[in-house]
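K.L.:
Dropping a structure here in structure tokens format, bear with me for questions.
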Amino acid sequence: MRLLKAFLFLLMILAGPVFASGTPLQPLVDATAPGAVLRLAPGQYTGPVHLSRPVTVIGVPGVHLDGGGQGTVLTVDAEGVRVEGLRLTGSGDSHETKDAGITLTKAAIGAVIEGNLLQGNLYGIDVHGARDAVISGNVIEGRQGHRMNQRGNGIYVWNAPGTVVEGNDVRWGRDGIFVNTSKRNVFRGNRFRDLRFAVHYMYANDSEVSGNLSMGNHLGFAVMYSKKVRVLDNVSIGDRDHGVMLNFTNRSVVRGNYVQDGAKKCLFVYNAHKNEIVDNRFERCGIGIHFTAGSERNDVTGNAFVGNRTQVKYVSTKWLDWAAEGRGNYWSDFVATDLDGNGIADGTYRPNDSIDQMLWQQPAARLLLGSPAVQLVQWAQSAFPALTPGGVMDSAPLMRPVEIAVPDWGKSYGG
């Protein structure tokens with residue numbers, strides 16, 4: 001028996017201090033030496049809590065930290081802090097102070113926030129100036145009351161270079177990830193539902209958004225006023241407005257993304273220049289791709305436009321060829337032949353004619369669609385393409401669409 005007690009005592013020393021619930025958490029944090037591990041036993045703890053030294057706080061199932069509705073529940077204000085396995089609730093309601101479940105200040109360099117459950121806070125995690133933070137494997141459930149624009153973001157990244165946001169599950173609130181005035185960030189493998197935007201970029205450069213899933217949001221992946229952003233291998237299913245949007249975005253890459261069942265537009269490109277839009281699949285949207293506001297010098301090749309009500313919306317007086325080096329895009333409504341069997345259609349595809357452009361500019365003209373005069377114009381343009389005023393053309397359409405697999409966690413996730 002003595003040997004057993006000695007063995008258990010040794011285990012407690014090696015594991016670090018273990019505290020029971022029922023007292024405020026701040027005194028326990030203050031009693032933890034720098035570099036030590038604070039392990040919490042299951043139970044209710046009260047906040048707010050301020051971590052001002054490099055410590056590790058680890059919880060197990062049943063650990064619940066509540067902020068009591070005042071300010072931020074847990075603030076990290078030191079380098080090298082790790083917070084893992086906590087349930088955090090009860091932030092305040094102020095957008096001015098960005099009351100959150102967890103806030104990382106400028107001093108929280110290299111903080112790791114992993115495997116936590118944040119529920120009902122105004123903001124989930126606020127990375128406010130902290131460099132090289134890692135936000136990984138958290139479940140963030142925002143607020144559902146009020147109007148969507150009055151809620152906070154799941155993860156807010158402000159001026160936090162090197163932040164990695166990976167493998168999180170974000171639902172409700174306003175935007176899943178909102179990044180503003182930052183750079184060299186990586187957002188990958190996250191899942192977003194029931195939000196305004198899944199990922200929202202503003203003035204954020206040299207960053208990556210890859211392998212994320214957006215389901216049933218107002219907009220999937222919005223890149224605005226940014227440059228050198230890589231939007232790679234993301235999935236947007238059933239997003240209401242746009243699957244992907246480039247707004248005043250330049251020299252970026254949109255590759256390997258799959259957008260399906262968008263009510264309005266799979267891809268919206270507004271005043272965006274010198275971008276690569278390559279090997280994506282845009283399927284069953286109101287509009288496959290909408291180019292507007294003078295977007296120029298963009299490469300659009302290798303994409304699949306499948307079953308969209310309108311494949312392309314683009315108004316111009318000159319032709320814009322979406323083929324490069326003998327490779328264009330796949331168009332599901334193009335009945336084509338390939339006599340030489342090289343995978344490239346023998347004819348040129350033109351998605352729009354002058355009637356389309358007239359209807360976009362004057363929607364009331366739709367009443368005339370059945371008239372003999374309109375039908376004669378459409379026939380003439382199909383028989384004599386030179387009569388078409390200009391727009392998008394594809395001189396090397398593909399015979400087969402690019403295939404993009406939806407991850408299993410995207411197909412099965414419905415809870």
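Following the order of the structure tokens, first chain is A, next is B, and so on, with residues numbered from 1 inside each chain and ligands from 1 in the order they appear.
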Going by DSSP on the backbone, which residues of region 75-227 of chain A come out as strand (DSSP E)? List them as a PDB file with N, CA and C atoms, in the first residue's frame.
P.N.:
ATOM      1  N   THR A  75      -7.686  36.186 -21.500  1.00  0.00           N
ATOM      2  CA  THR A  75      -6.767  37.032 -22.263  1.00  0.00           C
ATOM      3  C   THR A  75      -5.351  36.502 -22.128  1.00  0.00           C
ATOM      4  N   VAL A  76      -4.696  36.275 -23.271  1.00  0.00           N
ATOM      5  CA  VAL A  76      -3.305  35.825 -23.292  1.00  0.00           C
ATOM      6  C   VAL A  76      -2.437  37.046 -23.567  1.00  0.00           C
ATOM      7  N   ARG A  82       0.119  28.315 -23.957  1.00  0.00           N
ATOM      8  CA  ARG A  82      -0.704  27.286 -24.600  1.00  0.00           C
ATOM      9  C   ARG A  82      -1.984  27.105 -23.788  1.00  0.00           C
ATOM     10  N   VAL A  83      -3.140  27.088 -24.494  1.00  0.00           N
ATOM     11  CA  VAL A  83      -4.439  26.874 -23.851  1.00  0.00           C
ATOM     12  C   VAL A  83      -5.119  25.737 -24.585  1.00  0.00           C
ATOM     13  N   GLU A  84      -5.476  24.698 -23.840  1.00  0.00           N
ATOM     14  CA  GLU A  84      -5.970  23.482 -24.486  1.00  0.00           C
ATOM     15  C   GLU A  84      -7.084  22.841 -23.661  1.00  0.00           C
ATOM     16  N   ARG A  87     -13.666  24.605 -22.110  1.00  0.00           N
ATOM     17  CA  ARG A  87     -14.927  25.148 -22.619  1.00  0.00           C
ATOM     18  C   ARG A  87     -15.061  26.557 -22.071  1.00  0.00           C
ATOM     19  N   LEU A  88     -15.246  27.533 -22.975  1.00  0.00           N
ATOM     20  CA  LEU A  88     -15.280  28.936 -22.558  1.00  0.00           C
ATOM     21  C   LEU A  88     -16.594  29.575 -22.977  1.00  0.00           C
ATOM     22  N   THR A  89     -17.272  30.200 -22.031  1.00  0.00           N
ATOM     23  CA  THR A  89     -18.533  30.888 -22.296  1.00  0.00           C
ATOM     24  C   THR A  89     -18.552  32.208 -21.524  1.00  0.00           C
ATOM     25  N   ALA A 100     -14.424  38.660 -26.181  1.00  0.00           N
ATOM     26  CA  ALA A 100     -14.237  37.381 -26.858  1.00  0.00           C
ATOM     27  C   ALA A 100     -14.105  36.242 -25.866  1.00  0.00           C
ATOM     28  N   GLY A 101     -14.179  35.032 -26.387  1.00  0.00           N
ATOM     29  CA  GLY A 101     -13.848  33.879 -25.556  1.00  0.00           C
ATOM     30  C   GLY A 101     -12.379  33.896 -25.187  1.00  0.00           C
ATOM     31  N   ILE A 102     -11.508  34.109 -26.202  1.00  0.00           N
ATOM     32  CA  ILE A 102     -10.068  34.205 -25.982  1.00  0.00           C
ATOM     33  C   ILE A 102      -9.530  35.373 -26.798  1.00  0.00           C
ATOM     34  N   THR A 103      -8.700  36.205 -26.191  1.00  0.00           N
ATOM     35  CA  THR A 103      -8.009  37.292 -26.889  1.00  0.00           C
ATOM     36  C   THR A 103      -6.505  37.098 -26.761  1.00  0.00           C
ATOM     37  N   LEU A 104      -5.796  37.196 -27.889  1.00  0.00           N
ATOM     38  CA  LEU A 104      -4.339  37.166 -27.896  1.00  0.00           C
ATOM     39  C   LEU A 104      -3.851  38.585 -28.162  1.00  0.00           C
ATOM     40  N   VAL A 112      -0.463  29.099 -28.636  1.00  0.00           N
ATOM     41  CA  VAL A 112      -1.140  27.942 -29.218  1.00  0.00           C
ATOM     42  C   VAL A 112      -2.490  27.787 -28.517  1.00  0.00           C
ATOM     43  N   ILE A 113      -3.564  27.882 -29.304  1.00  0.00           N
ATOM     44  CA  ILE A 113      -4.929  27.709 -28.781  1.00  0.00           C
ATOM     45  C   ILE A 113      -5.505  26.489 -29.487  1.00  0.00           C
ATOM     46  N   GLU A 114      -5.630  25.393 -28.772  1.00  0.00           N
ATOM     47  CA  GLU A 114      -5.920  24.119 -29.434  1.00  0.00           C
ATOM     48  C   GLU A 114      -6.985  23.326 -28.681  1.00  0.00           C
ATOM     49  N   LEU A 117     -13.527  24.474 -26.772  1.00  0.00           N
ATOM     50  CA  LEU A 117     -14.911  24.682 -27.177  1.00  0.00           C
ATOM     51  C   LEU A 117     -15.333  26.059 -26.698  1.00  0.00           C
ATOM     52  N   LEU A 118     -15.658  26.942 -27.657  1.00  0.00           N
ATOM     53  CA  LEU A 118     -16.067  28.311 -27.323  1.00  0.00           C
ATOM     54  C   LEU A 118     -17.512  28.488 -27.773  1.00  0.00           C
ATOM     55  N   GLN A 119     -18.399  28.790 -26.835  1.00  0.00           N
ATOM     56  CA  GLN A 119     -19.831  28.830 -27.127  1.00  0.00           C
ATOM     57  C   GLN A 119     -20.460  30.143 -26.672  1.00  0.00           C
ATOM     58  N   TYR A 123     -17.242  37.413 -29.738  1.00  0.00           N
ATOM     59  CA  TYR A 123     -16.213  36.934 -30.663  1.00  0.00           C
ATOM     60  C   TYR A 123     -15.695  35.614 -30.113  1.00  0.00           C
ATOM     61  N   GLY A 124     -15.306  34.733 -31.003  1.00  0.00           N
ATOM     62  CA  GLY A 124     -14.736  33.476 -30.529  1.00  0.00           C
ATOM     63  C   GLY A 124     -13.309  33.673 -30.060  1.00  0.00           C
ATOM     64  N   ILE A 125     -12.379  33.862 -31.010  1.00  0.00           N
ATOM     65  CA  ILE A 125     -10.971  34.080 -30.713  1.00  0.00           C
ATOM     66  C   ILE A 125     -10.523  35.340 -31.437  1.00  0.00           C
ATOM     67  N   ASP A 126      -9.957  36.274 -30.710  1.00  0.00           N
ATOM     68  CA  ASP A 126      -9.475  37.538 -31.265  1.00  0.00           C
ATOM     69  C   ASP A 126      -7.951  37.535 -31.235  1.00  0.00           C
ATOM     70  N   VAL A 127      -7.340  37.378 -32.411  1.00  0.00           N
ATOM     71  CA  VAL A 127      -5.878  37.407 -32.511  1.00  0.00           C
ATOM     72  C   VAL A 127      -5.511  38.853 -32.827  1.00  0.00           C
ATOM     73  N   HIS A 128      -5.199  39.609 -31.807  1.00  0.00           N
ATOM     74  CA  HIS A 128      -5.081  41.060 -31.941  1.00  0.00           C
ATOM     75  C   HIS A 128      -3.620  41.488 -31.859  1.00  0.00           C
ATOM     76  N   VAL A 134      -0.983  29.938 -33.330  1.00  0.00           N
ATOM     77  CA  VAL A 134      -1.589  28.755 -33.930  1.00  0.00           C
ATOM     78  C   VAL A 134      -2.955  28.546 -33.287  1.00  0.00           C
ATOM     79  N   ILE A 135      -3.995  28.569 -34.131  1.00  0.00           N
ATOM     80  CA  ILE A 135      -5.373  28.347 -33.668  1.00  0.00           C
ATOM     81  C   ILE A 135      -5.833  27.047 -34.320  1.00  0.00           C
ATOM     82  N   SER A 136      -5.889  25.966 -33.552  1.00  0.00           N
ATOM     83  CA  SER A 136      -6.030  24.649 -34.156  1.00  0.00           C
ATOM     84  C   SER A 136      -7.072  23.792 -33.440  1.00  0.00           C
ATOM     85  N   VAL A 139     -13.638  24.207 -31.631  1.00  0.00           N
ATOM     86  CA  VAL A 139     -15.037  24.322 -32.051  1.00  0.00           C
ATOM     87  C   VAL A 139     -15.555  25.652 -31.529  1.00  0.00           C
ATOM     88  N   ILE A 140     -16.016  26.484 -32.458  1.00  0.00           N
ATOM     89  CA  ILE A 140     -16.465  27.828 -32.101  1.00  0.00           C
ATOM     90  C   ILE A 140     -17.909  27.993 -32.552  1.00  0.00           C
ATOM     91  N   GLU A 141     -18.793  28.172 -31.602  1.00  0.00           N
ATOM     92  CA  GLU A 141     -20.218  28.364 -31.885  1.00  0.00           C
ATOM     93  C   GLU A 141     -20.601  29.756 -31.404  1.00  0.00           C
ATOM     94  N   ILE A 155     -13.375  33.891 -35.639  1.00  0.00           N
ATOM     95  CA  ILE A 155     -11.950  34.155 -35.434  1.00  0.00           C
ATOM     96  C   ILE A 155     -11.631  35.481 -36.110  1.00  0.00           C
ATOM     97  N   TYR A 156     -11.093  36.416 -35.352  1.00  0.00           N
ATOM     98  CA  TYR A 156     -10.739  37.725 -35.892  1.00  0.00           C
ATOM     99  C   TYR A 156      -9.229  37.863 -35.844  1.00  0.00           C
ATOM    100  N   VAL A 157      -8.617  38.091 -37.005  1.00  0.00           N
ATOM    101  CA  VAL A 157      -7.159  38.225 -37.097  1.00  0.00           C
ATOM    102  C   VAL A 157      -6.847  39.646 -37.531  1.00  0.00           C
ATOM    103  N   TRP A 158      -6.190  40.408 -36.659  1.00  0.00           N
ATOM    104  CA  TRP A 158      -5.820  41.792 -36.977  1.00  0.00           C
ATOM    105  C   TRP A 158      -4.321  41.979 -36.787  1.00  0.00           C
ATOM    106  N   VAL A 164      -1.559  30.908 -38.052  1.00  0.00           N
ATOM    107  CA  VAL A 164      -2.074  29.707 -38.710  1.00  0.00           C
ATOM    108  C   VAL A 164      -3.389  29.333 -38.034  1.00  0.00           C
ATOM    109  N   VAL A 165      -4.447  29.232 -38.842  1.00  0.00           N
ATOM    110  CA  VAL A 165      -5.773  28.827 -38.348  1.00  0.00           C
ATOM    111  C   VAL A 165      -6.123  27.540 -39.073  1.00  0.00           C
ATOM    112  N   GLU A 166      -6.160  26.424 -38.341  1.00  0.00           N
ATOM    113  CA  GLU A 166      -6.203  25.120 -38.994  1.00  0.00           C
ATOM    114  C   GLU A 166      -7.137  24.159 -38.263  1.00  0.00           C
ATOM    115  N   ASP A 169     -13.770  24.255 -36.414  1.00  0.00           N
ATOM    116  CA  ASP A 169     -15.162  24.125 -36.834  1.00  0.00           C
ATOM    117  C   ASP A 169     -15.903  25.355 -36.318  1.00  0.00           C
ATOM    118  N   VAL A 170     -16.363  26.213 -37.235  1.00  0.00           N
ATOM    119  CA  VAL A 170     -16.948  27.500 -36.845  1.00  0.00           C
ATOM    120  C   VAL A 170     -18.384  27.573 -37.352  1.00  0.00           C
ATOM    121  N   ARG A 171     -19.286  27.934 -36.462  1.00  0.00           N
ATOM    122  CA  ARG A 171     -20.709  28.013 -36.829  1.00  0.00           C
ATOM    123  C   ARG A 171     -21.365  29.203 -36.124  1.00  0.00           C
ATOM    124  N   ILE A 177     -13.869  33.508 -40.363  1.00  0.00           N
ATOM    125  CA  ILE A 177     -12.579  34.152 -40.128  1.00  0.00           C
ATOM    126  C   ILE A 177     -12.634  35.512 -40.809  1.00  0.00           C
ATOM    127  N   PHE A 178     -12.366  36.562 -40.063  1.00  0.00           N
ATOM    128  CA  PHE A 178     -12.231  37.891 -40.635  1.00  0.00           C
ATOM    129  C   PHE A 178     -10.810  38.355 -40.383  1.00  0.00           C
ATOM    130  N   VAL A 179     -10.061  38.598 -41.457  1.00  0.00           N
ATOM    131  CA  VAL A 179      -8.680  39.038 -41.328  1.00  0.00           C
ATOM    132  C   VAL A 179      -8.551  40.431 -41.911  1.00  0.00           C
ATOM    133  N   ASN A 180      -7.900  41.308 -41.180  1.00  0.00           N
ATOM    134  CA  ASN A 180      -7.794  42.710 -41.571  1.00  0.00           C
ATOM    135  C   ASN A 180      -6.371  43.205 -41.300  1.00  0.00           C
ATOM    136  N   THR A 181      -5.773  43.800 -42.328  1.00  0.00           N
ATOM    137  CA  THR A 181      -4.454  44.426 -42.196  1.00  0.00           C
ATOM    138  C   THR A 181      -3.444  43.429 -41.627  1.00  0.00           C
ATOM    139  N   SER A 182      -3.285  42.323 -42.306  1.00  0.00           N
ATOM    140  CA  SER A 182      -2.351  41.311 -41.852  1.00  0.00           C
ATOM    141  C   SER A 182      -1.640  40.721 -43.057  1.00  0.00           C
ATOM    142  N   LYS A 183      -0.724  39.794 -42.837  1.00  0.00           N
ATOM    143  CA  LYS A 183       0.006  39.175 -43.938  1.00  0.00           C
ATOM    144  C   LYS A 183       0.593  37.841 -43.474  1.00  0.00           C
ATOM    145  N   VAL A 186      -2.102  31.669 -42.815  1.00  0.00           N
ATOM    146  CA  VAL A 186      -2.546  30.430 -43.447  1.00  0.00           C
ATOM    147  C   VAL A 186      -3.827  29.982 -42.759  1.00  0.00           C
ATOM    148  N   PHE A 187      -4.887  29.830 -43.553  1.00  0.00           N
ATOM    149  CA  PHE A 187      -6.165  29.317 -43.055  1.00  0.00           C
ATOM    150  C   PHE A 187      -6.471  28.044 -43.838  1.00  0.00           C
ATOM    151  N   ARG A 188      -6.360  26.890 -43.210  1.00  0.00           N
ATOM    152  CA  ARG A 188      -6.539  25.661 -43.968  1.00  0.00           C
ATOM    153  C   ARG A 188      -7.320  24.616 -43.169  1.00  0.00           C
ATOM    154  N   ARG A 191     -13.854  24.328 -41.225  1.00  0.00           N
ATOM    155  CA  ARG A 191     -15.231  24.095 -41.665  1.00  0.00           C
ATOM    156  C   ARG A 191     -16.108  25.233 -41.148  1.00  0.00           C
ATOM    157  N   PHE A 192     -16.952  25.783 -42.058  1.00  0.00           N
ATOM    158  CA  PHE A 192     -17.747  26.967 -41.729  1.00  0.00           C
ATOM    159  C   PHE A 192     -19.198  26.740 -42.122  1.00  0.00           C
ATOM    160  N   ARG A 193     -20.108  27.090 -41.219  1.00  0.00           N
ATOM    161  CA  ARG A 193     -21.542  26.966 -41.514  1.00  0.00           C
ATOM    162  C   ARG A 193     -22.335  28.116 -40.905  1.00  0.00           C
ATOM    163  N   PHE A 197     -19.900  35.461 -44.086  1.00  0.00           N
ATOM    164  CA  PHE A 197     -18.790  34.994 -44.923  1.00  0.00           C
ATOM    165  C   PHE A 197     -18.079  33.863 -44.187  1.00  0.00           C
ATOM    166  N   ALA A 198     -17.667  32.834 -44.913  1.00  0.00           N
ATOM    167  CA  ALA A 198     -16.813  31.821 -44.288  1.00  0.00           C
ATOM    168  C   ALA A 198     -15.456  32.417 -43.973  1.00  0.00           C
ATOM    169  N   VAL A 199     -14.776  32.963 -44.998  1.00  0.00           N
ATOM    170  CA  VAL A 199     -13.490  33.641 -44.824  1.00  0.00           C
ATOM    171  C   VAL A 199     -13.581  34.992 -45.500  1.00  0.00           C
ATOM    172  N   HIS A 200     -13.170  36.035 -44.793  1.00  0.00           N
ATOM    173  CA  HIS A 200     -13.311  37.414 -45.270  1.00  0.00           C
ATOM    174  C   HIS A 200     -11.960  38.106 -45.148  1.00  0.00           C
ATOM    175  N   TYR A 201     -11.357  38.428 -46.281  1.00  0.00           N
ATOM    176  CA  TYR A 201     -10.063  39.111 -46.333  1.00  0.00           C
ATOM    177  C   TYR A 201     -10.262  40.595 -46.598  1.00  0.00           C
ATOM    178  N   MET A 202      -9.548  41.430 -45.840  1.00  0.00           N
ATOM    179  CA  MET A 202      -9.482  42.862 -46.104  1.00  0.00           C
ATOM    180  C   MET A 202      -8.055  43.328 -45.870  1.00  0.00           C
ATOM    181  N   TYR A 203      -7.416  43.817 -46.922  1.00  0.00           N
ATOM    182  CA  TYR A 203      -6.056  44.342 -46.804  1.00  0.00           C
ATOM    183  C   TYR A 203      -5.118  43.307 -46.168  1.00  0.00           C
ATOM    184  N   ALA A 204      -5.149  42.117 -46.699  1.00  0.00           N
ATOM    185  CA  ALA A 204      -4.320  41.021 -46.181  1.00  0.00           C
ATOM    186  C   ALA A 204      -3.584  40.385 -47.350  1.00  0.00           C
ATOM    187  N   ASN A 205      -2.268  40.412 -47.317  1.00  0.00           N
ATOM    188  CA  ASN A 205      -1.453  40.012 -48.457  1.00  0.00           C
ATOM    189  C   ASN A 205      -0.614  38.775 -48.149  1.00  0.00           C
ATOM    190  N   SER A 207      -0.897  35.520 -48.423  1.00  0.00           N
ATOM    191  CA  SER A 207      -1.513  34.553 -47.512  1.00  0.00           C
ATOM    192  C   SER A 207      -2.146  33.408 -48.284  1.00  0.00           C
ATOM    193  N   GLU A 208      -2.630  32.419 -47.546  1.00  0.00           N
ATOM    194  CA  GLU A 208      -3.194  31.202 -48.161  1.00  0.00           C
ATOM    195  C   GLU A 208      -4.500  30.816 -47.483  1.00  0.00           C
ATOM    196  N   VAL A 209      -5.484  30.464 -48.326  1.00  0.00           N
ATOM    197  CA  VAL A 209      -6.754  29.899 -47.862  1.00  0.00           C
ATOM    198  C   VAL A 209      -6.907  28.581 -48.596  1.00  0.00           C
ATOM    199  N   SER A 210      -6.746  27.460 -47.907  1.00  0.00           N
ATOM    200  CA  SER A 210      -6.694  26.184 -48.615  1.00  0.00           C
ATOM    201  C   SER A 210      -7.430  25.077 -47.870  1.00  0.00           C
ATOM    202  N   LEU A 213     -13.938  24.131 -46.010  1.00  0.00           N
ATOM    203  CA  LEU A 213     -15.299  23.821 -46.431  1.00  0.00           C
ATOM    204  C   LEU A 213     -16.242  24.909 -45.953  1.00  0.00           C
ATOM    205  N   SER A 214     -17.015  25.471 -46.892  1.00  0.00           N
ATOM    206  CA  SER A 214     -18.043  26.458 -46.568  1.00  0.00           C
ATOM    207  C   SER A 214     -19.390  25.892 -46.983  1.00  0.00           C
ATOM    208  N   MET A 215     -20.331  25.819 -46.045  1.00  0.00           N
ATOM    209  CA  MET A 215     -21.638  25.230 -46.324  1.00  0.00           C
ATOM    210  C   MET A 215     -22.755  26.145 -45.823  1.00  0.00           C
ATOM    211  N   LEU A 219     -21.846  33.892 -48.130  1.00  0.00           N
ATOM    212  CA  LEU A 219     -20.754  33.953 -49.091  1.00  0.00           C
ATOM    213  C   LEU A 219     -19.622  33.066 -48.574  1.00  0.00           C
ATOM    214  N   GLY A 220     -18.973  32.363 -49.491  1.00  0.00           N
ATOM    215  CA  GLY A 220     -17.916  31.452 -49.075  1.00  0.00           C
ATOM    216  C   GLY A 220     -16.617  32.168 -48.768  1.00  0.00           C
ATOM    217  N   PHE A 221     -15.818  32.426 -49.800  1.00  0.00           N
ATOM    218  CA  PHE A 221     -14.463  32.930 -49.616  1.00  0.00           C
ATOM    219  C   PHE A 221     -14.338  34.280 -50.321  1.00  0.00           C
ATOM    220  N   ALA A 222     -14.252  35.349 -49.534  1.00  0.00           N
ATOM    221  CA  ALA A 222     -14.225  36.710 -50.062  1.00  0.00           C
ATOM    222  C   ALA A 222     -12.838  37.301 -49.848  1.00  0.00           C
ATOM    223  N   VAL A 223     -12.159  37.605 -50.946  1.00  0.00           N
ATOM    224  CA  VAL A 223     -10.830  38.219 -50.880  1.00  0.00           C
ATOM    225  C   VAL A 223     -10.957  39.635 -51.414  1.00  0.00           C
ATOM    226  N   MET A 224     -10.736  40.622 -50.559  1.00  0.00           N
ATOM    227  CA  MET A 224     -10.997  42.013 -50.902  1.00  0.00           C
ATOM    228  C   MET A 224      -9.786  42.884 -50.571  1.00  0.00           C
TER     229      MET A 224
END
K.L.:
So which residues touch Asp206 (chain A) within 8 Å, counting only C-alpha atoms, skipping near sequence neighbours fewer than 5 positions away, as an NGL selection string?
P.N.:
:A and (183-185 or 227-230)
K.L.:
Kindly indicate which residue among A:Gly238, A:Gly120, A:Gly167, A:Gly302 lies nearest to Gln144 (chain A), using only C-alpha atoms for the distances.
P.N.:
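Checking each candidate against Gln144 (chain A), we get A:Gly120 as the closest.
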K.L.:
Tell me, in Å to one decimal, how far CA of Gly154 (chain A) is from CA of Arg53 (chain A).
P.N.:
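Those two atoms sit 25.6 Å apart.
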K.L.:
Any idea what the distance is between CA of Met393 (chain A) and CA of Ile277 (chain A)?
P.N.:
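Atom-to-atom, CA of Met393 (chain A) to CA of Ile277 (chain A), that is 15.6 Å.
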K.L.:
Identify, on the basis of only C-alpha atoms, every residue whose closest approach to Pro54 (chain A) does not exceed 12 Å; exclude the query and any residue fewer than 4 positions from it along the same chain; express the result as a PyMOL selection string.
P.N.:
chain A and resi 29-30+32-38+50+76-83+107-112
K.L.:
Using only C-alpha atoms, what table do you get, as CSV, when you list each residue of region 253-291 of chain A with an atom no more than 10 Å from region 313-334 of chain A, its nearest pair of atoms, and their distance in Å rounded to one decimal, rows by chain then rising number?
P.N.:
residue,atom,partner,partner_atom,distance
A:Lys265,CA,A:Lys313,CA,9.8
A:Phe268,CA,A:Lys313,CA,9.6
A:Val278,CA,A:Asn329,CA,9.0
A:Asp279,CA,A:Asn329,CA,8.4
A:Asn280,CA,A:Asn329,CA,9.6
A:Arg281,CA,A:Tyr330,CA,9.2
A:Glu283,CA,A:Ser332,CA,9.6
A:Ile287,CA,A:Lys313,CA,7.0
A:Gly288,CA,A:Lys313,CA,8.0
A:Ile289,CA,A:Lys313,CA,6.4
A:His290,CA,A:Lys313,CA,4.7
A:Phe291,CA,A:Tyr314,CA,5.3
K.L.:
Please dump the current selection as a PDB file, in the first residue's frame; keep N, CA, C and O atoms.
P.N.:
ATOM      1  N   LYS A 265     -24.009  33.278 -57.665  1.00  0.00           N
ATOM      2  CA  LYS A 265     -22.807  33.205 -58.496  1.00  0.00           C
ATOM      3  C   LYS A 265     -21.790  32.252 -57.876  1.00  0.00           C
ATOM      4  O   LYS A 265     -21.509  32.330 -56.674  1.00  0.00           O
ATOM      5  N   PHE A 268     -17.390  35.565 -58.417  1.00  0.00           N
ATOM      6  CA  PHE A 268     -17.641  36.955 -58.762  1.00  0.00           C
ATOM      7  C   PHE A 268     -16.304  37.683 -58.767  1.00  0.00           C
ATOM      8  O   PHE A 268     -15.578  37.681 -57.767  1.00  0.00           O
ATOM      9  N   VAL A 278      -7.707  28.949 -62.307  1.00  0.00           N
ATOM     10  CA  VAL A 278      -7.286  27.760 -63.040  1.00  0.00           C
ATOM     11  C   VAL A 278      -7.776  26.487 -62.344  1.00  0.00           C
ATOM     12  O   VAL A 278      -7.699  26.358 -61.109  1.00  0.00           O
ATOM     13  N   ASP A 279      -8.303  25.558 -63.147  1.00  0.00           N
ATOM     14  CA  ASP A 279      -8.621  24.191 -62.698  1.00  0.00           C
ATOM     15  C   ASP A 279      -9.631  24.170 -61.557  1.00  0.00           C
ATOM     16  O   ASP A 279      -9.550  23.331 -60.647  1.00  0.00           O
ATOM     17  N   ASN A 280     -10.596  25.068 -61.589  1.00  0.00           N
ATOM     18  CA  ASN A 280     -11.702  25.049 -60.641  1.00  0.00           C
ATOM     19  C   ASN A 280     -12.920  24.401 -61.279  1.00  0.00           C
ATOM     20  O   ASN A 280     -13.010  24.271 -62.497  1.00  0.00           O
ATOM     21  N   ARG A 281     -13.891  24.040 -60.444  1.00  0.00           N
ATOM     22  CA  ARG A 281     -15.153  23.490 -60.948  1.00  0.00           C
ATOM     23  C   ARG A 281     -16.298  24.320 -60.383  1.00  0.00           C
ATOM     24  O   ARG A 281     -16.480  24.409 -59.157  1.00  0.00           O
ATOM     25  N   GLU A 283     -20.308  24.702 -60.482  1.00  0.00           N
ATOM     26  CA  GLU A 283     -21.394  23.787 -60.854  1.00  0.00           C
ATOM     27  C   GLU A 283     -22.732  24.202 -60.225  1.00  0.00           C
ATOM     28  O   GLU A 283     -22.815  24.488 -59.027  1.00  0.00           O
ATOM     29  N   ILE A 287     -25.115  31.924 -61.845  1.00  0.00           N
ATOM     30  CA  ILE A 287     -24.107  32.367 -62.812  1.00  0.00           C
ATOM     31  C   ILE A 287     -22.805  31.651 -62.481  1.00  0.00           C
ATOM     32  O   ILE A 287     -22.371  31.647 -61.316  1.00  0.00           O
ATOM     33  N   GLY A 288     -22.172  31.059 -63.483  1.00  0.00           N
ATOM     34  CA  GLY A 288     -20.917  30.374 -63.231  1.00  0.00           C
ATOM     35  C   GLY A 288     -19.824  31.338 -62.816  1.00  0.00           C
ATOM     36  O   GLY A 288     -19.177  31.166 -61.784  1.00  0.00           O
ATOM     37  N   ILE A 289     -19.607  32.376 -63.641  1.00  0.00           N
ATOM     38  CA  ILE A 289     -18.589  33.378 -63.328  1.00  0.00           C
ATOM     39  C   ILE A 289     -19.054  34.731 -63.851  1.00  0.00           C
ATOM     40  O   ILE A 289     -19.523  34.833 -64.988  1.00  0.00           O
ATOM     41  N   HIS A 290     -18.970  35.734 -63.024  1.00  0.00           N
ATOM     42  CA  HIS A 290     -19.384  37.092 -63.378  1.00  0.00           C
ATOM     43  C   HIS A 290     -18.162  37.989 -63.325  1.00  0.00           C
ATOM     44  O   HIS A 290     -17.583  38.201 -62.259  1.00  0.00           O
ATOM     45  N   PHE A 291     -17.767  38.508 -64.486  1.00  0.00           N
ATOM     46  CA  PHE A 291     -16.661  39.457 -64.593  1.00  0.00           C
ATOM     47  C   PHE A 291     -17.233  40.851 -64.786  1.00  0.00           C
ATOM     48  O   PHE A 291     -18.083  41.064 -65.648  1.00  0.00           O
TER      49      PHE A 291
END
K.L.:
Excluding same-chain residues fewer than 2 positions from region 258-263 of chain A, what lies within 10 Å of it counting only C-alpha atoms, as number ranges by chain?
P.N.:
A: 213-220, 232-244, 255-256, 265-267, 279-288, 303-304, 306-308, 402-406
